[in-house]
Amino acid sequence: MLALARIATGDVARAKRFFGALAEILGAHLAVDRKGLVGFRGPEGALLLIGKPAQGAPGAGNGSQVSLLAPSRDAVDDAYRAALAMGGESVGEPGVRGDRLTGPYAAYFRDPYGHKIMVMHVAQLHAAARL
């Protein structure tokens, strides 16, 4: 259902490096690169935009979260480690969430600007895509 999400940052160059590293792990690519705004498009077609805050307001939303799909559990682990290595803050180590048989494998962290990001692998989604 998600087509686009946008989050704000005070440092677009740093966000480009941070999310660019995650995009490489998750199979996404840089789709928008202009002054004050970068965007990454995932293999499912959704676009994540990161840019300067509107009207100078604070950028990190309290209570907001962006979830990124990963092609495998290993990709979740790799993205989590990469995020922490680039200045992200752990909010939840990789593991199965919810039902141990059908729940997603996910990790949570905050990007350097304070946004809560979840990277998750949902086996049922990947199985359905192969049908």
# chains A, B, ... in the order shown; residues from 1 in each chain; ligands from 1

call {"tool": "residues_around", "arguments": {"residues": "Gly51 of chain A", "least_positions_apart": "3", "cutoff": "7 Å", "atoms": "only C-alpha atoms", "output": "ChimeraX atom specification"}}
result
/A:7-9,12,36-38

call {"tool": "write_last_selection", "arguments": {"atoms": "N, CA, C and O atoms", "output": "compact mmCIF listing (two decimals), in the first residue's frame"}}
result
# COMPACT_ATOMS: atom_id res chain seq x y z
N ILE A 7 10.85 11.95 5.18
CA ILE A 7 11.31 12.35 6.51
C ILE A 7 12.28 13.51 6.34
O ILE A 7 12.82 13.72 5.25
N ALA A 8 12.47 14.25 7.40
CA ALA A 8 13.32 15.44 7.33
C ALA A 8 14.66 15.19 8.01
O ALA A 8 14.79 14.34 8.89
N THR A 9 15.64 15.95 7.57
CA THR A 9 16.97 15.90 8.16
C THR A 9 17.61 17.27 8.06
O THR A 9 17.32 18.04 7.15
N VAL A 12 21.43 16.66 4.73
CA VAL A 12 21.05 15.81 3.61
C VAL A 12 22.23 14.96 3.13
O VAL A 12 22.05 13.79 2.79
N GLY A 36 19.06 19.61 -1.27
CA GLY A 36 18.10 19.58 -0.19
C GLY A 36 17.19 18.36 -0.15
O GLY A 36 16.32 18.27 0.71
N LEU A 37 17.37 17.39 -1.07
CA LEU A 37 16.47 16.24 -1.11
C LEU A 37 17.15 15.05 -1.81
O LEU A 37 17.73 15.21 -2.88
N VAL A 38 17.05 13.89 -1.17
CA VAL A 38 17.47 12.64 -1.80
C VAL A 38 16.33 11.64 -1.64
O VAL A 38 15.49 11.77 -0.75

call {"tool": "residues_around", "arguments": {"residues": "segment 94-108 of chain A", "least_positions_apart": "3", "cutoff": "12 Å", "atoms": "only C-alpha atoms", "output": "ChimeraX atom specification"}}
result
/A:65-84,88-91,111,114-126

call {"tool": "write_last_selection", "arguments": {"atoms": "N, CA, C and O atoms", "output": "short mmCIF file (atom, residue, chain, number, x, y, z; two decimals), in the first residue's frame"}}
result
data_model
loop_
_atom_site.label_atom_id
_atom_site.label_comp_id
_atom_site.auth_asym_id
_atom_site.auth_seq_id
_atom_site.Cartn_x
_atom_site.Cartn_y
_atom_site.Cartn_z
N GLN A 65 7.38 6.32 12.43
CA GLN A 65 8.31 5.24 12.14
C GLN A 65 8.24 4.93 10.66
O GLN A 65 7.17 4.97 10.06
N VAL A 66 9.38 4.63 10.07
CA VAL A 66 9.45 4.18 8.68
C VAL A 66 9.95 2.75 8.71
O VAL A 66 10.91 2.43 9.41
N SER A 67 9.29 1.87 7.97
CA SER A 67 9.71 0.47 7.89
C SER A 67 10.20 0.17 6.49
O SER A 67 9.56 0.51 5.51
N LEU A 68 11.35 -0.48 6.42
CA LEU A 68 11.97 -0.84 5.15
C LEU A 68 11.98 -2.35 5.01
O LEU A 68 12.33 -3.06 5.95
N LEU A 69 11.59 -2.84 3.83
CA LEU A 69 11.57 -4.28 3.59
C LEU A 69 12.96 -4.78 3.23
O LEU A 69 13.68 -4.15 2.45
N ALA A 70 13.32 -5.94 3.78
CA ALA A 70 14.59 -6.58 3.49
C ALA A 70 14.33 -7.90 2.77
O ALA A 70 13.35 -8.58 3.07
N PRO A 71 15.21 -8.30 1.86
CA PRO A 71 15.01 -9.54 1.12
C PRO A 71 15.31 -10.81 1.93
O PRO A 71 14.95 -11.90 1.51
N SER A 72 15.95 -10.66 3.09
CA SER A 72 16.31 -11.82 3.90
C SER A 72 16.60 -11.40 5.33
O SER A 72 16.77 -10.22 5.62
N ARG A 73 16.67 -12.39 6.21
CA ARG A 73 17.07 -12.12 7.60
C ARG A 73 18.50 -11.59 7.65
O ARG A 73 18.81 -10.70 8.43
N ASP A 74 19.37 -12.15 6.81
CA ASP A 74 20.74 -11.67 6.79
C ASP A 74 20.80 -10.19 6.41
O ASP A 74 21.61 -9.43 6.96
N ALA A 75 19.95 -9.75 5.50
CA ALA A 75 19.92 -8.34 5.10
C ALA A 75 19.45 -7.47 6.27
O ALA A 75 19.94 -6.36 6.44
N VAL A 76 18.51 -7.97 7.09
CA VAL A 76 18.09 -7.22 8.29
C VAL A 76 19.29 -7.05 9.21
O VAL A 76 19.57 -5.95 9.69
N ASP A 77 20.00 -8.14 9.47
CA ASP A 77 21.17 -8.08 10.34
C ASP A 77 22.22 -7.12 9.78
O ASP A 77 22.79 -6.30 10.52
N ASP A 78 22.49 -7.21 8.48
CA ASP A 78 23.49 -6.35 7.85
C ASP A 78 23.09 -4.87 7.91
O ASP A 78 23.92 -4.01 8.20
N ALA A 79 21.83 -4.58 7.65
CA ALA A 79 21.35 -3.19 7.69
C ALA A 79 21.44 -2.64 9.11
O ALA A 79 21.83 -1.49 9.32
N TYR A 80 21.07 -3.44 10.09
CA TYR A 80 21.13 -3.03 11.50
C TYR A 80 22.58 -2.69 11.89
O TYR A 80 22.85 -1.63 12.45
N ARG A 81 23.51 -3.58 11.56
CA ARG A 81 24.92 -3.34 11.89
C ARG A 81 25.44 -2.10 11.16
O ARG A 81 26.17 -1.29 11.74
N ALA A 82 25.06 -1.95 9.90
CA ALA A 82 25.52 -0.78 9.13
C ALA A 82 24.96 0.51 9.74
O ALA A 82 25.68 1.50 9.85
N ALA A 83 23.69 0.50 10.13
CA ALA A 83 23.09 1.69 10.72
C ALA A 83 23.82 2.10 12.00
O ALA A 83 24.13 3.27 12.20
N LEU A 84 24.12 1.13 12.85
CA LEU A 84 24.82 1.45 14.10
C LEU A 84 26.24 1.93 13.82
O LEU A 84 26.72 2.86 14.48
N GLY A 88 23.80 5.42 13.88
CA GLY A 88 22.43 5.12 14.32
C GLY A 88 22.43 4.61 15.75
O GLY A 88 23.46 4.18 16.27
N GLU A 89 21.28 4.65 16.37
CA GLU A 89 21.12 4.21 17.76
C GLU A 89 20.15 3.04 17.81
O GLU A 89 19.05 3.12 17.28
N SER A 90 20.53 1.96 18.48
CA SER A 90 19.67 0.78 18.57
C SER A 90 18.41 1.07 19.36
O SER A 90 18.44 1.73 20.40
N VAL A 91 17.30 0.58 18.84
CA VAL A 91 16.02 0.63 19.55
C VAL A 91 15.47 -0.79 19.73
O VAL A 91 14.55 -1.01 20.48
N ASP A 111 17.87 6.80 13.09
CA ASP A 111 18.90 7.34 12.20
C ASP A 111 19.60 8.49 12.95
O ASP A 111 19.18 8.85 14.05
N GLY A 114 17.31 11.09 14.40
CA GLY A 114 16.33 10.73 15.42
C GLY A 114 15.10 9.99 14.93
O GLY A 114 14.23 9.63 15.72
N HIS A 115 14.99 9.72 13.63
CA HIS A 115 13.84 9.00 13.10
C HIS A 115 13.93 7.52 13.47
O HIS A 115 14.99 6.91 13.35
N LYS A 116 12.81 6.94 13.89
CA LYS A 116 12.77 5.51 14.19
C LYS A 116 12.58 4.75 12.88
O LYS A 116 11.63 5.00 12.15
N ILE A 117 13.50 3.84 12.61
CA ILE A 117 13.49 3.06 11.39
C ILE A 117 13.40 1.58 11.77
O ILE A 117 14.10 1.13 12.68
N MET A 118 12.56 0.85 11.07
CA MET A 118 12.50 -0.60 11.24
C MET A 118 12.89 -1.22 9.90
O MET A 118 12.42 -0.79 8.85
N VAL A 119 13.76 -2.22 9.96
CA VAL A 119 14.08 -3.02 8.78
C VAL A 119 13.52 -4.40 9.06
O VAL A 119 13.77 -4.97 10.13
N MET A 120 12.72 -4.94 8.12
CA MET A 120 12.07 -6.22 8.40
C MET A 120 12.05 -7.12 7.18
O MET A 120 11.99 -6.66 6.04
N HIS A 121 12.09 -8.41 7.48
CA HIS A 121 11.92 -9.44 6.47
C HIS A 121 10.65 -10.20 6.83
O HIS A 121 10.51 -10.69 7.95
N VAL A 122 9.74 -10.26 5.89
CA VAL A 122 8.48 -10.99 6.09
C VAL A 122 8.48 -12.13 5.08
O VAL A 122 8.28 -11.92 3.88
N ALA A 123 8.72 -13.33 5.57
CA ALA A 123 8.86 -14.48 4.69
C ALA A 123 7.63 -14.68 3.82
O ALA A 123 7.74 -15.02 2.64
N GLN A 124 6.43 -14.44 4.37
CA GLN A 124 5.20 -14.64 3.60
C GLN A 124 5.13 -13.70 2.40
O GLN A 124 4.65 -14.07 1.34
N LEU A 125 5.62 -12.48 2.54
CA LEU A 125 5.61 -11.54 1.41
C LEU A 125 6.52 -12.03 0.30
O LEU A 125 6.18 -11.96 -0.88
N HIS A 126 7.68 -12.52 0.67
CA HIS A 126 8.62 -12.99 -0.34
C HIS A 126 8.16 -14.27 -1.01
O HIS A 126 8.36 -14.48 -2.19
#

call {"tool": "residues_around", "arguments": {"residues": "Met86 of chain A", "least_positions_apart": "6", "cutoff": "9 Å", "atoms": "only C-alpha atoms", "output": "PyMOL selection string"}}
result
chain A and resi 17-18+111-112

call {"tool": "write_last_selection", "arguments": {"atoms": "N, CA and C atoms", "output": "CSV table (one decimal), in the first residue's frame"}}
result
chain,number,residue,atom,x,y,z
A,17,ARG,N,24.4,9.4,2.7
A,17,ARG,CA,25.4,8.3,3.0
A,17,ARG,C,24.7,7.2,3.8
A,18,PHE,N,24.0,7.6,4.9
A,18,PHE,CA,23.4,6.7,5.8
A,18,PHE,C,22.4,5.8,5.1
A,111,ASP,N,17.9,6.8,13.1
A,111,ASP,CA,18.9,7.3,12.2
A,111,ASP,C,19.6,8.5,12.9
A,112,PRO,N,20.7,9.0,12.4
A,112,PRO,CA,21.4,10.1,13.1
A,112,PRO,C,20.6,11.3,13.4

call {"tool": "select_by_dssp", "arguments": {"residues": "chain A", "states": "helix (DSSP H, G or I)", "output": "ChimeraX atom specification"}}
result
/A:12-26,54-56,73-85,123-129

call {"tool": "atom_distance", "arguments": {"atom1": "atom CA of Ile50 of chain A", "atom2": "atom CA of Ile25 of chain A"}}
result
17.9 Å

call {"tool": "residues_around", "arguments": {"residues": "Leu4 of chain A", "least_positions_apart": "3", "cutoff": "8 Å", "atoms": "only C-alpha atoms", "output": "list in words"}}
result
Ala46, Leu47, Leu48 and Leu49 of chain A

call {"tool": "select_by_dssp", "arguments": {"residues": "chain A", "states": "strand (DSSP E)", "output": "number ranges by chain"}}
result
A: 4-8, 29-34, 37-41, 47-51, 65-69, 89-96, 105-110, 116-121

call {"tool": "decode", "arguments": {"residues": "segment 102-114 of chain A", "atoms": "all heavy atoms", "output": "mmCIF file, in the first residue's frame"}}
result
data_model
loop_
_atom_site.group_PDB
_atom_site.id
_atom_site.type_symbol
_atom_site.label_atom_id
_atom_site.label_comp_id
_atom_site.auth_asym_id
_atom_site.auth_seq_id
_atom_site.Cartn_x
_atom_site.Cartn_y
_atom_site.Cartn_z
ATOM 1 N N THR A 102 5.003 -16.949 12.463
ATOM 2 C CA THR A 102 4.608 -16.119 11.320
ATOM 3 C C THR A 102 5.029 -14.657 11.442
ATOM 4 O O THR A 102 4.837 -13.891 10.502
ATOM 5 C CB THR A 102 3.079 -16.158 11.132
ATOM 6 O OG1 THR A 102 2.449 -15.664 12.321
ATOM 7 C CG2 THR A 102 2.602 -17.571 10.845
ATOM 8 N N GLY A 103 5.585 -14.274 12.584
ATOM 9 C CA GLY A 103 5.963 -12.875 12.776
ATOM 10 C C GLY A 103 7.151 -12.474 11.925
ATOM 11 O O GLY A 103 7.956 -13.311 11.517
ATOM 12 N N PRO A 104 7.282 -11.189 11.636
ATOM 13 C CA PRO A 104 8.411 -10.718 10.844
ATOM 14 C C PRO A 104 9.707 -10.766 11.646
ATOM 15 O O PRO A 104 9.704 -10.668 12.874
ATOM 16 C CB PRO A 104 8.040 -9.272 10.508
ATOM 17 C CG PRO A 104 7.170 -8.851 11.646
ATOM 18 C CD PRO A 104 6.398 -10.087 12.032
ATOM 19 N N TYR A 105 10.800 -10.900 10.959
ATOM 20 C CA TYR A 105 12.124 -10.785 11.539
ATOM 21 C C TYR A 105 12.519 -9.334 11.340
ATOM 22 O O TYR A 105 12.553 -8.843 10.195
ATOM 23 C CB TYR A 105 13.092 -11.725 10.823
ATOM 24 C CG TYR A 105 14.473 -11.752 11.431
ATOM 25 C CD1 TYR A 105 14.739 -12.552 12.532
ATOM 26 C CD2 TYR A 105 15.501 -10.988 10.901
ATOM 27 C CE1 TYR A 105 16.005 -12.596 13.098
ATOM 28 C CE2 TYR A 105 16.776 -11.026 11.456
ATOM 29 C CZ TYR A 105 17.022 -11.826 12.553
ATOM 30 O OH TYR A 105 18.275 -11.863 13.111
ATOM 31 N N ALA A 106 12.775 -8.603 12.421
ATOM 32 C CA ALA A 106 12.958 -7.162 12.303
ATOM 33 C C ALA A 106 13.998 -6.633 13.278
ATOM 34 O O ALA A 106 14.316 -7.263 14.288
ATOM 35 C CB ALA A 106 11.623 -6.457 12.556
ATOM 36 N N ALA A 107 14.497 -5.449 12.968
ATOM 37 C CA ALA A 107 15.392 -4.696 13.840
ATOM 38 C C ALA A 107 14.956 -3.238 13.809
ATOM 39 O O ALA A 107 14.412 -2.765 12.798
ATOM 40 C CB ALA A 107 16.836 -4.827 13.370
ATOM 41 N N TYR A 108 15.186 -2.538 14.906
ATOM 42 C CA TYR A 108 14.798 -1.134 15.026
ATOM 43 C C TYR A 108 16.016 -0.296 15.392
ATOM 44 O O TYR A 108 16.839 -0.708 16.199
ATOM 45 C CB TYR A 108 13.762 -0.942 16.131
ATOM 46 C CG TYR A 108 12.461 -1.657 15.910
ATOM 47 C CD1 TYR A 108 12.307 -2.987 16.277
ATOM 48 C CD2 TYR A 108 11.377 -0.989 15.354
ATOM 49 C CE1 TYR A 108 11.100 -3.648 16.091
ATOM 50 C CE2 TYR A 108 10.174 -1.640 15.163
ATOM 51 C CZ TYR A 108 10.039 -2.960 15.540
ATOM 52 O OH TYR A 108 8.850 -3.600 15.345
ATOM 53 N N PHE A 109 16.080 0.891 14.819
ATOM 54 C CA PHE A 109 17.133 1.844 15.185
ATOM 55 C C PHE A 109 16.660 3.248 14.863
ATOM 56 O O PHE A 109 15.668 3.433 14.152
ATOM 57 C CB PHE A 109 18.447 1.532 14.440
ATOM 58 C CG PHE A 109 18.301 1.379 12.955
ATOM 59 C CD1 PHE A 109 18.368 2.481 12.117
ATOM 60 C CD2 PHE A 109 18.099 0.131 12.396
ATOM 61 C CE1 PHE A 109 18.231 2.332 10.744
ATOM 62 C CE2 PHE A 109 17.968 -0.024 11.024
ATOM 63 C CZ PHE A 109 18.031 1.079 10.198
ATOM 64 N N ARG A 110 17.359 4.208 15.397
ATOM 65 C CA ARG A 110 17.119 5.613 15.044
ATOM 66 C C ARG A 110 18.244 6.052 14.114
ATOM 67 O O ARG A 110 19.402 5.711 14.330
ATOM 68 C CB ARG A 110 17.075 6.488 16.281
ATOM 69 C CG ARG A 110 15.870 6.203 17.139
ATOM 70 C CD ARG A 110 15.577 7.339 18.123
ATOM 71 N NE ARG A 110 14.493 6.941 19.003
ATOM 72 C CZ ARG A 110 13.203 6.948 18.701
ATOM 73 N NH1 ARG A 110 12.818 7.367 17.517
ATOM 74 N NH2 ARG A 110 12.303 6.556 19.559
ATOM 75 N N ASP A 111 17.874 6.795 13.085
ATOM 76 C CA ASP A 111 18.903 7.344 12.202
ATOM 77 C C ASP A 111 19.597 8.488 12.947
ATOM 78 O O ASP A 111 19.175 8.854 14.049
ATOM 79 C CB ASP A 111 18.300 7.770 10.860
ATOM 80 C CG ASP A 111 17.443 9.027 10.912
ATOM 81 O OD1 ASP A 111 17.311 9.664 11.977
ATOM 82 O OD2 ASP A 111 16.885 9.386 9.870
ATOM 83 N N PRO A 112 20.678 9.040 12.397
ATOM 84 C CA PRO A 112 21.399 10.097 13.116
ATOM 85 C C PRO A 112 20.563 11.340 13.420
ATOM 86 O O PRO A 112 20.945 12.153 14.257
ATOM 87 C CB PRO A 112 22.559 10.432 12.165
ATOM 88 C CG PRO A 112 22.800 9.172 11.427
ATOM 89 C CD PRO A 112 21.426 8.585 11.222
ATOM 90 N N TYR A 113 19.422 11.497 12.762
ATOM 91 C CA TYR A 113 18.581 12.662 13.015
ATOM 92 C C TYR A 113 17.443 12.362 13.995
ATOM 93 O O TYR A 113 16.686 13.232 14.369
ATOM 94 C CB TYR A 113 18.022 13.186 11.685
ATOM 95 C CG TYR A 113 17.672 14.653 11.716
ATOM 96 C CD1 TYR A 113 18.628 15.621 11.977
ATOM 97 C CD2 TYR A 113 16.375 15.073 11.491
ATOM 98 C CE1 TYR A 113 18.301 16.961 12.005
ATOM 99 C CE2 TYR A 113 16.032 16.423 11.513
ATOM 100 C CZ TYR A 113 17.006 17.356 11.774
ATOM 101 O OH TYR A 113 16.679 18.679 11.801
ATOM 102 N N GLY A 114 17.305 11.093 14.402
ATOM 103 C CA GLY A 114 16.327 10.732 15.417
ATOM 104 C C GLY A 114 15.099 9.986 14.929
ATOM 105 O O GLY A 114 14.235 9.630 15.723
#
